[in-house]
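A.B. asks: Dumping the structure here so I can ask a few things about it.
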There are 6 protein chains.
Amino acid sequence: MTRGFFIGRFQPFHNGHYAMVERIAEDVDELVLGIGSAGDSHSTNDPFTAGERIMMITKALTDLDLVTYAVPIEDLDRNSVWVSHVQSMSPTFDVAYSNNPLVFRLFEEAGVEVRQSPMFNRAVFEGTEVRARMIEGENWKELVPDAVAEVIDEIDGIERIQHVSDTDANDG
Amino acid sequence: MTRGFFIGRFQPFHNGHYAMVERIAEDVDELVLGIGSAGDSHSTNDPFTAGERIMMITKALTDLDLVTYAVPIEDLDRNSVWVSHVQSMSPTFDVAYSNNPLVFRLFEEAGVEVRQSPMFNRAVFEGTEVRARMIEGENWKELVPDAVAEVIDEIDGIERIQHVSDTDANDG
Amino acid sequence: MTRGFFIGRFQPFHNGHYAMVERIAEDVDELVLGIGSAGDSHSTNDPFTAGERIMMITKALTDLDLVTYAVPIEDLDRNSVWVSHVQSMSPTFDVAYSNNPLVFRLFEEAGVEVRQSPMFNRAVFEGTEVRARMIEGENWKELVPDAVAEVIDEIDGIERIQHVSDTDANDG
Amino acid sequence: MTRGFFIGRFQPFHNGHYAMVERIAEDVDELVLGIGSAGDSHSTNDPFTAGERIMMITKALTDLDLVTYAVPIEDLDRNSVWVSHVQSMSPTFDVAYSNNPLVFRLFEEAGVEVRQSPMFNRAVFEGTEVRARMIEGENWKELVPDAVAEVIDEIDGIERIQHVSDTDANDG
Amino acid sequence: MTRGFFIGRFQPFHNGHYAMVERIAEDVDELVLGIGSAGDSHSTNDPFTAGERIMMITKALTDLDLVTYAVPIEDLDRNSVWVSHVQSMSPTFDVAYSNNPLVFRLFEEAGVEVRQSPMFNRAVFEGTEVRARMIEGENWKELVPDAVAEVIDEIDGIERIQHVSDTDANDG
Amino acid sequence: MTRGFFIGRFQPFHNGHYAMVERIAEDVDELVLGIGSAGDSHSTNDPFTAGERIMMITKALTDLDLVTYAVPIEDLDRNSVWVSHVQSMSPTFDVAYSNNPLVFRLFEEAGVEVRQSPMFNRAVFEGTEVRARMIEGENWKELVPDAVAEVIDEIDGIERIQHVSDTDANDG
């Protein structure tokens with residue numbers, strides 16, 4: 001039995017993430033999706049809570065033939081202990097997947113096998129694009145699984161991101 | 001669709017917890033198991049990491065006809081914001097289950113429906129008993145689901161709790 | 001103009017505190033009441049939130065001929081920086097009042113003038129006594145100013161402390 | 001009796017804030033001024049400590065016919081629990097006032113009544129302007145109540161902001 | 001070249017610690033002394049600051065033919081990341097020394113070589129004994145190196161521990 | 001006996017720092033080097049851990065005729081308590097050295113003697129330059145003491161900074 005670990009902020013979980021999971025599913029029997037920056041929400045870059053992201057991921061992956069775990073990972077703001085933190089919060093895993101150079105390096109220094117793939121870069125672009133379309137009122141639904149669009153509608157997610165994206169950081 | 005929330009430390013997940021889940025399953029379609037004190041581990045009262053407890057819960061409930069989520073909840077050490085913290089980390093829920101008077105009160109003051117039942121008291125007794133038997137080398141396996149015993153064996157859990165229970169808090 | 005500083009947890013603000021304020025009022029023109037452990041609430045020893053304690057203090061002292069400030073002080077859990085923390089949160093003060101030996105020592109090491117008085121010991125006894133009576137349903141109102149009793153009634157404070165005092169720390 | 005809540009960083013408390021308080025005073029009997037980012041000080045954007053800001057607010061509002069509370073609110077860096085945090089630190093309030101879209105949204109999601117007004121936008125501009133004039137040695141006193149100017153003179157506030165505004169974040 | 005790591009609270013550094021260092025010096029070329037609970041001070045169990053303990057250790061070991069480093073380690077309150085935290089704060093080391101079962105277990109689970117010796121138990125007893133004598137005004141100097149006694153005299157350490165040991169945790 | 005305190009991030013310890021230490025050595029008998037942002041590592045601006053920086057400093061200064069202490073100082077993110085924090089972590093010192101205006105101001109407000117010198121500005125420039133050369137694969141060794149270059153080679157420091165400098169902050 002092989003278990004993989006794939007970390008992301010999943011703000012929101014989109015088609016790029018879905019494609020990555022399908023690709024990883026070829027390698028592993030079980031997959032942990034670590035929800036990064038779990039404590040962040042209600043901001044332009046991090047609109048959704050960890051609980052909302054658990055729902056998106058769980059519902060989007062329900063038909064996939066793969067055992068998955070969606071695990072919130074709160075920030076510790078200490079790169080040197082980050083791998084230990086992740087390992088304590090997650091079911092044990094054999095291999096990590098990431099194209100983020102910092103994450104890649106941290107796992108590597110800790111002696112954890114970590115794999116990357118050019119297709120992973122798509123996710124960064126798509127996360128930014130989805131949030132931009134949400135704010136501008138353009139067609140974002142085509143970029144996410146149907147189940148995710150339903151969750152976002154249910155929680156009035158578009159109204160929220162449009163509202164908070166209007167915030168001036170300096171309250172005077 | 002009704003979703004419930006049941007918080008515990010699950011150190012480890014034992015038969016008392018299992019019976020509670022079965023009881024709650026009569027009321028709800030989905031159940032979130034909030035893993036409290038998620039950051040604590042390697043101590044007599046909190047031997048197992050959040051990741052290990054996720055595995056115990058997931059494997060123990062796999063045959064149950066109930067959609068379940070196992071969600072680690074790190075301590076915030078602020079009773080006044082605890083309900084908001086839980087709500088941000090968990091999929092939304094309609095009703096919380098607890099016999100812990102503090103937890104009951106906090107949900108109640110926050111306007112969240114919360115239910116208790118005399119049978120819930122069994123869990124407190126059983127958690128203490130399981131850990132005592134583990135430390136003493138007595139028969140603890142009869143108090144937990146088989147799947148939980150397997151997880152604990154796999155991670156050398158008995159050796160760990162016996163080792164750390166020997167710690168003198170004062171290192172001189 | 002002389003300004004004093006008097007720290008306490010004020011759980012709740014009682015007649016012993018009131019007598020101390022009257023005594024200090026002979027020395028100073030203005031008095032800051034630092035509300036210690038401001039983040040703690042909903043427990044047997046710390047039943048009330050900082051906001052609730054601000055209301056108790058403000059209403060209890062309204063008729064006193066003394067300018068007062070009620071300032072919440074969150075715990076930093078670092079004795080060595082505690083005085084700096086207090087000084088940054090409070091209007092500047094000339095003299096601190098305390099019979100707590102740790103608080104006395106910390107101010108003294110920091111070069112802040114600090115005064116004590118035998119009558120201050122009464123406060124410790126009375127805080128414990130008031131909370132015990134609240135939990136047991138005995139006559140606690142005679143130990144606190146009328147204005148404080150009104151605040152506690154308004155927030156259902158007795159029900160809260162009775163509820164949480166029933167909590168078993170170990171949730172099993 | 002109606003109590004309002006108005007949050008700001010008040011770095012420093014200026015005429016724009018004063019005008020807002022006068023406007024809110026038409027609606028409410030009591031007003032809590034929540035001093036945001038209470039732990040920040042000694043920087044270009046946040047020059048003054050919470051204690052110094054309490055003094056500014058208290059002295060500036062002393063002649064106003066309104067019961068006011070100045071309450072420091074330390075940052076929690078968790079949008080999802082921010083409203084609970086504020087509610088625990090403040091006397092209870094019936095309505096919040098803010099033009100900050102994030103603050104507005106957070107109160108709204110928590111079911112708290114919140115009001116905005118076009119005139120509130122003036123405050124953001126004025127805070128930035130006051131600090132810029134302080135740093136440049138221009139006439140900042142005309143932008144703040146006299147009592148605030150006195151507090152700032154007393155604490156050598158101009159020297160401080162000029163000094164720290166010179167800091168290079170990178171110490172090499 | 002072999003470097004060892006020896007963790008303790010060193011409240012204060014006493015003859016038992018000194019004997020341990022001498023014993024370890026037979027194995028290694030360099031030794032890191034990790035000063036645990038570095039942020040704690042001014043309490044009965046933890047009277048001295050990290051800086052004071054650095055001075056004690058440095059002066060007590062100055063004549064020893066061993067390269068030593070005294071490194072403060074602040075508490076993280078997370079057993080699962082503790083080893084990573086220590087490793088990031090300390091020069092790299094080949095072997096750790098401890099008789100504390102928790103510390104031993106944590107290093108062992110992390111794959112770090114760790115050694116124990118019956119003589120290490122002496123340290124726990126001696127730390128408690130030294131502090132008790134300090135509080136009671138008995139002969140504590142015979143239990144610590146001369147250089148440590150000088151540091152403690154210089155900082156008025158006995159007055160401090162006697163003062164704070166008198167503190168009632170409950171301030172009423 | 002005079003002891004000085006010199007704070008820096010020392011990412012890495014370079015020739016500019018070395019020249020400053022030589023300059024300060026004319027004034028003092030002992031010098032504490034406070035390693036700022038001790039918890040930060042594995043980023044472009046803060047590539048090295050506190051432990052790695054302790055090794056750089058200790059090895060680079062070994063031939064200097066000056067007693068030195070290398071003390072990690074974790075960030076507290078509270079300017080108002082920063083001096084107390086530093087004082088608790090460091091052996092006592094008589095004079096602080098810094099050209100950072102914020103640090104200068106904080107020591108000054110706390111009544112600590114602090115000295116600056118035009119030559120100190122060189123350090124900021126050099127830290128940035130060293131890291132830029134490391135990332136670009138240019139000659140960085142000429143900017144640091146030989147002992148520092150050896151430590152960096154030993155820990156594969158160049159590979160690390162090149163790797164993490166490639167990180168896109170937004171993981172999509």
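Order determines the names: the first chain of the structure tokens is A, the second B, and so forth; residues in each chain are numbered 1 upward, and ligands are numbered 1 upward as they are shown.
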Give me, as an MDAnalysis selection string, all polymer residues having an atom no more than 9 Å from F:Glu52, counting only C-alpha atoms and skipping those fewer than 6 positions away in the same chain.

C.D. replies: (chainID E and resid 88:92) or (chainID F and resid 151:152 155)

A.B. asks: Please identify the alpha helix (DSSP H) residues within stretch 82-112 of chain F (assignment by DSSP from backbone atoms) and present them as a list in words.

C.D. replies: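 Output for stretch 82-112 of chain F, alpha helix (DSSP H) only: Trp82, Val83, Ser84, His85, Val86, Gln87, Ser88, Met89, Pro101, Leu102, Val103, Phe104, Arg105, Leu106, Phe107, Glu108 and Glu109 of chain F.
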
A.B. asks: Since we have the selection now, will you write its residues out, keeping all heavy atoms, as a short mmCIF file (atom, residue, chain, number, x, y, z; two decimals), in the first residue's frame?

C.D. replies:
data_model
loop_
_atom_site.label_atom_id
_atom_site.label_comp_id
_atom_site.auth_asym_id
_atom_site.auth_seq_id
_atom_site.Cartn_x
_atom_site.Cartn_y
_atom_site.Cartn_z
N TRP F 82 10.35 44.43 23.04
CA TRP F 82 11.53 43.83 22.41
C TRP F 82 12.80 43.98 23.27
O TRP F 82 13.57 43.02 23.41
CB TRP F 82 11.74 44.45 21.02
CG TRP F 82 12.83 43.80 20.25
CD1 TRP F 82 12.77 42.64 19.54
CD2 TRP F 82 14.18 44.28 20.11
NE1 TRP F 82 13.98 42.38 18.98
CE2 TRP F 82 14.87 43.34 19.30
CE3 TRP F 82 14.87 45.40 20.58
CZ2 TRP F 82 16.21 43.51 18.96
CZ3 TRP F 82 16.20 45.56 20.25
CH2 TRP F 82 16.86 44.62 19.45
N VAL F 83 13.01 45.14 23.85
CA VAL F 83 14.22 45.32 24.66
C VAL F 83 14.21 44.38 25.87
O VAL F 83 15.22 43.73 26.17
CB VAL F 83 14.39 46.79 25.10
CG1 VAL F 83 15.50 46.93 26.14
CG2 VAL F 83 14.69 47.67 23.90
N SER F 84 13.09 44.24 26.54
CA SER F 84 13.00 43.32 27.68
C SER F 84 13.27 41.89 27.23
O SER F 84 13.92 41.11 27.94
CB SER F 84 11.60 43.36 28.31
OG SER F 84 11.39 44.58 28.95
N HIS F 85 12.76 41.53 26.08
CA HIS F 85 12.97 40.19 25.53
C HIS F 85 14.46 39.94 25.31
O HIS F 85 15.02 38.93 25.74
CB HIS F 85 12.18 40.08 24.23
CG HIS F 85 12.38 38.82 23.47
ND1 HIS F 85 12.31 37.57 24.04
CD2 HIS F 85 12.65 38.60 22.15
CE1 HIS F 85 12.53 36.65 23.11
NE2 HIS F 85 12.74 37.25 21.97
N VAL F 86 15.11 40.90 24.65
CA VAL F 86 16.55 40.78 24.39
C VAL F 86 17.31 40.69 25.71
O VAL F 86 18.21 39.85 25.88
CB VAL F 86 17.03 42.00 23.57
CG1 VAL F 86 18.54 42.14 23.66
CG2 VAL F 86 16.58 41.87 22.12
N GLN F 87 16.96 41.52 26.66
CA GLN F 87 17.68 41.52 27.94
C GLN F 87 17.52 40.20 28.70
O GLN F 87 18.42 39.78 29.41
CB GLN F 87 17.22 42.69 28.81
CG GLN F 87 17.73 44.04 28.28
CD GLN F 87 17.19 45.23 29.04
OE1 GLN F 87 16.05 45.21 29.45
NE2 GLN F 87 18.01 46.25 29.21
N SER F 88 16.38 39.54 28.52
CA SER F 88 16.19 38.27 29.23
C SER F 88 16.94 37.12 28.57
O SER F 88 17.26 36.12 29.21
CB SER F 88 14.69 37.93 29.31
OG SER F 88 14.21 37.45 28.08
N MET F 89 17.20 37.24 27.27
CA MET F 89 17.86 36.17 26.54
C MET F 89 19.39 36.31 26.53
O MET F 89 20.11 35.35 26.24
CB MET F 89 17.38 36.15 25.08
CG MET F 89 15.97 35.63 24.90
SD MET F 89 15.88 33.84 25.25
CE MET F 89 14.15 33.71 25.75
N PRO F 101 17.64 52.36 12.84
CA PRO F 101 16.96 53.43 13.59
C PRO F 101 15.91 52.90 14.57
O PRO F 101 15.75 53.45 15.66
CB PRO F 101 16.32 54.30 12.50
CG PRO F 101 17.13 54.03 11.27
CD PRO F 101 17.56 52.59 11.38
N LEU F 102 15.19 51.84 14.20
CA LEU F 102 14.19 51.30 15.12
C LEU F 102 14.86 50.73 16.36
O LEU F 102 14.47 51.03 17.50
CB LEU F 102 13.36 50.22 14.42
CG LEU F 102 12.42 49.43 15.33
CD1 LEU F 102 11.40 50.34 16.01
CD2 LEU F 102 11.71 48.33 14.55
N VAL F 103 15.88 49.89 16.14
CA VAL F 103 16.61 49.30 17.26
C VAL F 103 17.21 50.40 18.15
O VAL F 103 17.10 50.36 19.38
CB VAL F 103 17.72 48.36 16.74
CG1 VAL F 103 18.67 47.94 17.86
CG2 VAL F 103 17.11 47.13 16.07
N PHE F 104 17.80 51.39 17.49
CA PHE F 104 18.39 52.51 18.22
C PHE F 104 17.33 53.18 19.12
O PHE F 104 17.55 53.41 20.31
CB PHE F 104 18.96 53.53 17.23
CG PHE F 104 19.93 54.48 17.84
CD1 PHE F 104 21.31 54.21 17.83
CD2 PHE F 104 19.50 55.65 18.45
CE1 PHE F 104 22.21 55.08 18.42
CE2 PHE F 104 20.40 56.52 19.05
CZ PHE F 104 21.76 56.24 19.03
N ARG F 105 16.18 53.46 18.53
CA ARG F 105 15.11 54.14 19.25
C ARG F 105 14.60 53.29 20.42
O ARG F 105 14.34 53.81 21.52
CB ARG F 105 13.96 54.44 18.29
CG ARG F 105 12.75 55.08 18.92
CD ARG F 105 12.92 56.56 19.11
NE ARG F 105 11.94 57.14 20.01
CZ ARG F 105 11.93 58.40 20.39
NH1 ARG F 105 12.86 59.23 19.96
NH2 ARG F 105 11.02 58.85 21.21
N LEU F 106 14.41 51.99 20.19
CA LEU F 106 13.87 51.13 21.24
C LEU F 106 14.82 51.07 22.44
O LEU F 106 14.38 51.17 23.59
CB LEU F 106 13.60 49.72 20.69
CG LEU F 106 12.49 49.64 19.64
CD1 LEU F 106 12.38 48.22 19.09
CD2 LEU F 106 11.13 50.07 20.22
N PHE F 107 16.12 50.92 22.17
CA PHE F 107 17.08 50.92 23.29
C PHE F 107 17.07 52.27 24.00
O PHE F 107 17.08 52.35 25.22
CB PHE F 107 18.49 50.60 22.79
CG PHE F 107 18.75 49.12 22.64
CD1 PHE F 107 19.14 48.56 21.43
CD2 PHE F 107 18.62 48.27 23.74
CE1 PHE F 107 19.40 47.20 21.32
CE2 PHE F 107 18.88 46.91 23.63
CZ PHE F 107 19.26 46.37 22.41
N GLU F 108 17.03 53.33 23.21
CA GLU F 108 17.05 54.68 23.78
C GLU F 108 15.85 54.92 24.69
O GLU F 108 16.00 55.41 25.82
CB GLU F 108 17.07 55.68 22.63
CG GLU F 108 17.60 57.04 22.97
CD GLU F 108 17.69 57.90 21.71
OE1 GLU F 108 16.66 57.99 20.97
OE2 GLU F 108 18.76 58.46 21.46
N GLU F 109 14.64 54.57 24.23
CA GLU F 109 13.45 54.75 25.06
C GLU F 109 13.53 53.91 26.33
O GLU F 109 12.93 54.26 27.35
CB GLU F 109 12.18 54.39 24.28
CG GLU F 109 11.79 55.41 23.22
CD GLU F 109 10.33 55.29 22.78
OE1 GLU F 109 9.56 54.59 23.44
OE2 GLU F 109 9.99 55.91 21.76
#

A.B. asks: Could you work out how far atom CA of F:Ile57 lies from atom CA of E:Val81, giving the answer in Å with one decimal?

C.D. replies: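 That distance, rounded to one decimal, is 26.1 Å.
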
A.B. asks: Between E:Asn15, E:Ser98, E:Thr62, E:Thr2, single out the one closest to E:Gly34, counting only C-alpha atoms.

C.D. replies: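 Residue with the minimum atom-to-atom distance to E:Gly34: E:Ser98.
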
A.B. asks: Run DSSP on the backbone and tell me which residues of stretch 7-116 of chain B come out as strand (DSSP E or B); list them as number ranges by chain.

C.D. replies: B: 7-8, 30-35, 67-72, 95-97, 114-115

A.B. asks: Store the residues picked out above in a file with N, CA and C atoms, as a compact mmCIF listing (two decimals), in the first residue's frame.

C.D. replies:
# COMPACT_ATOMS: atom_id res chain seq x y z
N ILE B 7 -17.03 16.25 19.17
CA ILE B 7 -15.64 16.57 19.50
C ILE B 7 -15.10 15.62 20.57
N GLY B 8 -13.86 15.24 20.44
CA GLY B 8 -13.20 14.41 21.44
C GLY B 8 -11.70 14.50 21.22
N GLU B 30 -24.55 12.85 8.05
CA GLU B 30 -23.10 12.98 8.00
C GLU B 30 -22.62 13.40 9.39
N LEU B 31 -21.39 13.00 9.70
CA LEU B 31 -20.86 13.32 11.03
C LEU B 31 -19.41 13.77 10.92
N VAL B 32 -19.14 14.94 11.53
CA VAL B 32 -17.76 15.42 11.64
C VAL B 32 -17.22 15.00 12.99
N LEU B 33 -16.08 14.33 13.01
CA LEU B 33 -15.41 14.02 14.27
C LEU B 33 -14.26 15.01 14.44
N GLY B 34 -14.45 15.93 15.35
CA GLY B 34 -13.41 16.95 15.60
C GLY B 34 -12.38 16.39 16.56
N ILE B 35 -11.13 16.33 16.11
CA ILE B 35 -10.05 15.76 16.94
C ILE B 35 -9.43 16.89 17.76
N VAL B 67 -21.53 9.02 6.30
CA VAL B 67 -20.42 9.83 5.76
C VAL B 67 -19.74 10.51 6.95
N THR B 68 -18.44 10.29 7.12
CA THR B 68 -17.74 10.89 8.25
C THR B 68 -16.54 11.70 7.78
N TYR B 69 -16.21 12.72 8.57
CA TYR B 69 -15.03 13.56 8.34
C TYR B 69 -14.24 13.57 9.65
N ALA B 70 -12.94 13.30 9.59
CA ALA B 70 -12.09 13.40 10.78
C ALA B 70 -11.25 14.66 10.64
N VAL B 71 -11.49 15.66 11.50
CA VAL B 71 -10.88 16.97 11.33
C VAL B 71 -10.08 17.38 12.57
N PRO B 72 -8.76 17.51 12.43
CA PRO B 72 -7.96 17.96 13.58
C PRO B 72 -8.29 19.40 13.96
N VAL B 95 -25.94 20.28 14.35
CA VAL B 95 -26.08 19.95 15.76
C VAL B 95 -24.77 19.38 16.29
N ALA B 96 -24.42 19.79 17.52
CA ALA B 96 -23.20 19.29 18.15
C ALA B 96 -23.58 18.30 19.24
N TYR B 97 -22.71 17.31 19.47
CA TYR B 97 -22.94 16.31 20.52
C TYR B 97 -21.80 16.38 21.52
N VAL B 114 -27.09 21.79 20.72
CA VAL B 114 -26.16 20.82 21.26
C VAL B 114 -26.94 19.79 22.07
N ARG B 115 -26.60 18.52 21.87
CA ARG B 115 -27.34 17.45 22.57
C ARG B 115 -26.40 16.63 23.44

A.B. asks: Residues at most 9 Å from C:Asn45, counting only C-alpha atoms, excluding those fewer than 2 positions away in the same chain, as a list in words?

C.D. replies: Gln11, Ser41, His42, Ser43, Pro47, Thr128, Arg131, Ile161 and Ser165 of chain C; Asn170 of chain E

A.B. asks: Please produce a file of the residues just selected, as a PDB file, in the first residue's frame, where the atoms kept are N, CA, C and O atoms.

C.D. replies:
ATOM      1  N   GLN C  11     -12.354  38.668  38.908  1.00  0.00           N
ATOM      2  CA  GLN C  11     -13.290  37.592  38.524  1.00  0.00           C
ATOM      3  C   GLN C  11     -14.164  37.217  39.707  1.00  0.00           C
ATOM      4  O   GLN C  11     -13.986  36.158  40.298  1.00  0.00           O
ATOM      5  N   SER C  41     -11.782  33.080  30.096  1.00  0.00           N
ATOM      6  CA  SER C  41     -13.192  33.195  30.471  1.00  0.00           C
ATOM      7  C   SER C  41     -13.796  31.797  30.463  1.00  0.00           C
ATOM      8  O   SER C  41     -13.156  30.835  30.039  1.00  0.00           O
ATOM      9  N   HIS C  42     -15.033  31.701  30.960  1.00  0.00           N
ATOM     10  CA  HIS C  42     -15.786  30.447  30.895  1.00  0.00           C
ATOM     11  C   HIS C  42     -15.095  29.299  31.619  1.00  0.00           C
ATOM     12  O   HIS C  42     -15.224  28.141  31.211  1.00  0.00           O
ATOM     13  N   SER C  43     -14.364  29.595  32.697  1.00  0.00           N
ATOM     14  CA  SER C  43     -13.826  28.519  33.532  1.00  0.00           C
ATOM     15  C   SER C  43     -14.142  28.839  34.989  1.00  0.00           C
ATOM     16  O   SER C  43     -14.568  29.961  35.318  1.00  0.00           O
ATOM     17  N   PRO C  47     -14.438  33.005  35.235  1.00  0.00           N
ATOM     18  CA  PRO C  47     -15.726  32.846  34.537  1.00  0.00           C
ATOM     19  C   PRO C  47     -16.055  33.943  33.528  1.00  0.00           C
ATOM     20  O   PRO C  47     -16.734  33.671  32.535  1.00  0.00           O
ATOM     21  N   THR C 128     -11.992  34.094  45.799  1.00  0.00           N
ATOM     22  CA  THR C 128     -12.260  32.656  45.898  1.00  0.00           C
ATOM     23  C   THR C 128     -13.620  32.410  46.531  1.00  0.00           C
ATOM     24  O   THR C 128     -14.394  31.554  46.080  1.00  0.00           O
ATOM     25  N   ARG C 131     -16.662  33.201  44.152  1.00  0.00           N
ATOM     26  CA  ARG C 131     -16.900  32.173  43.126  1.00  0.00           C
ATOM     27  C   ARG C 131     -17.450  30.891  43.747  1.00  0.00           C
ATOM     28  O   ARG C 131     -18.309  30.225  43.172  1.00  0.00           O
ATOM     29  N   ILE C 161     -21.145  29.970  35.415  1.00  0.00           N
ATOM     30  CA  ILE C 161     -20.107  29.423  36.287  1.00  0.00           C
ATOM     31  C   ILE C 161     -20.536  28.074  36.859  1.00  0.00           C
ATOM     32  O   ILE C 161     -19.716  27.168  37.017  1.00  0.00           O
ATOM     33  N   SER C 165     -18.244  24.806  35.982  1.00  0.00           N
ATOM     34  CA  SER C 165     -17.553  24.238  37.145  1.00  0.00           C
ATOM     35  C   SER C 165     -17.767  22.734  37.208  1.00  0.00           C
ATOM     36  O   SER C 165     -17.110  22.026  37.963  1.00  0.00           O
TER      37      SER C 165
ATOM     38  N   ASN E 170      -3.301  32.510  42.844  1.00  0.00           N
ATOM     39  CA  ASN E 170      -4.622  33.105  42.674  1.00  0.00           C
ATOM     40  C   ASN E 170      -4.619  34.525  43.214  1.00  0.00           C
ATOM     41  O   ASN E 170      -4.535  34.736  44.417  1.00  0.00           O
TER      42      ASN E 170
END
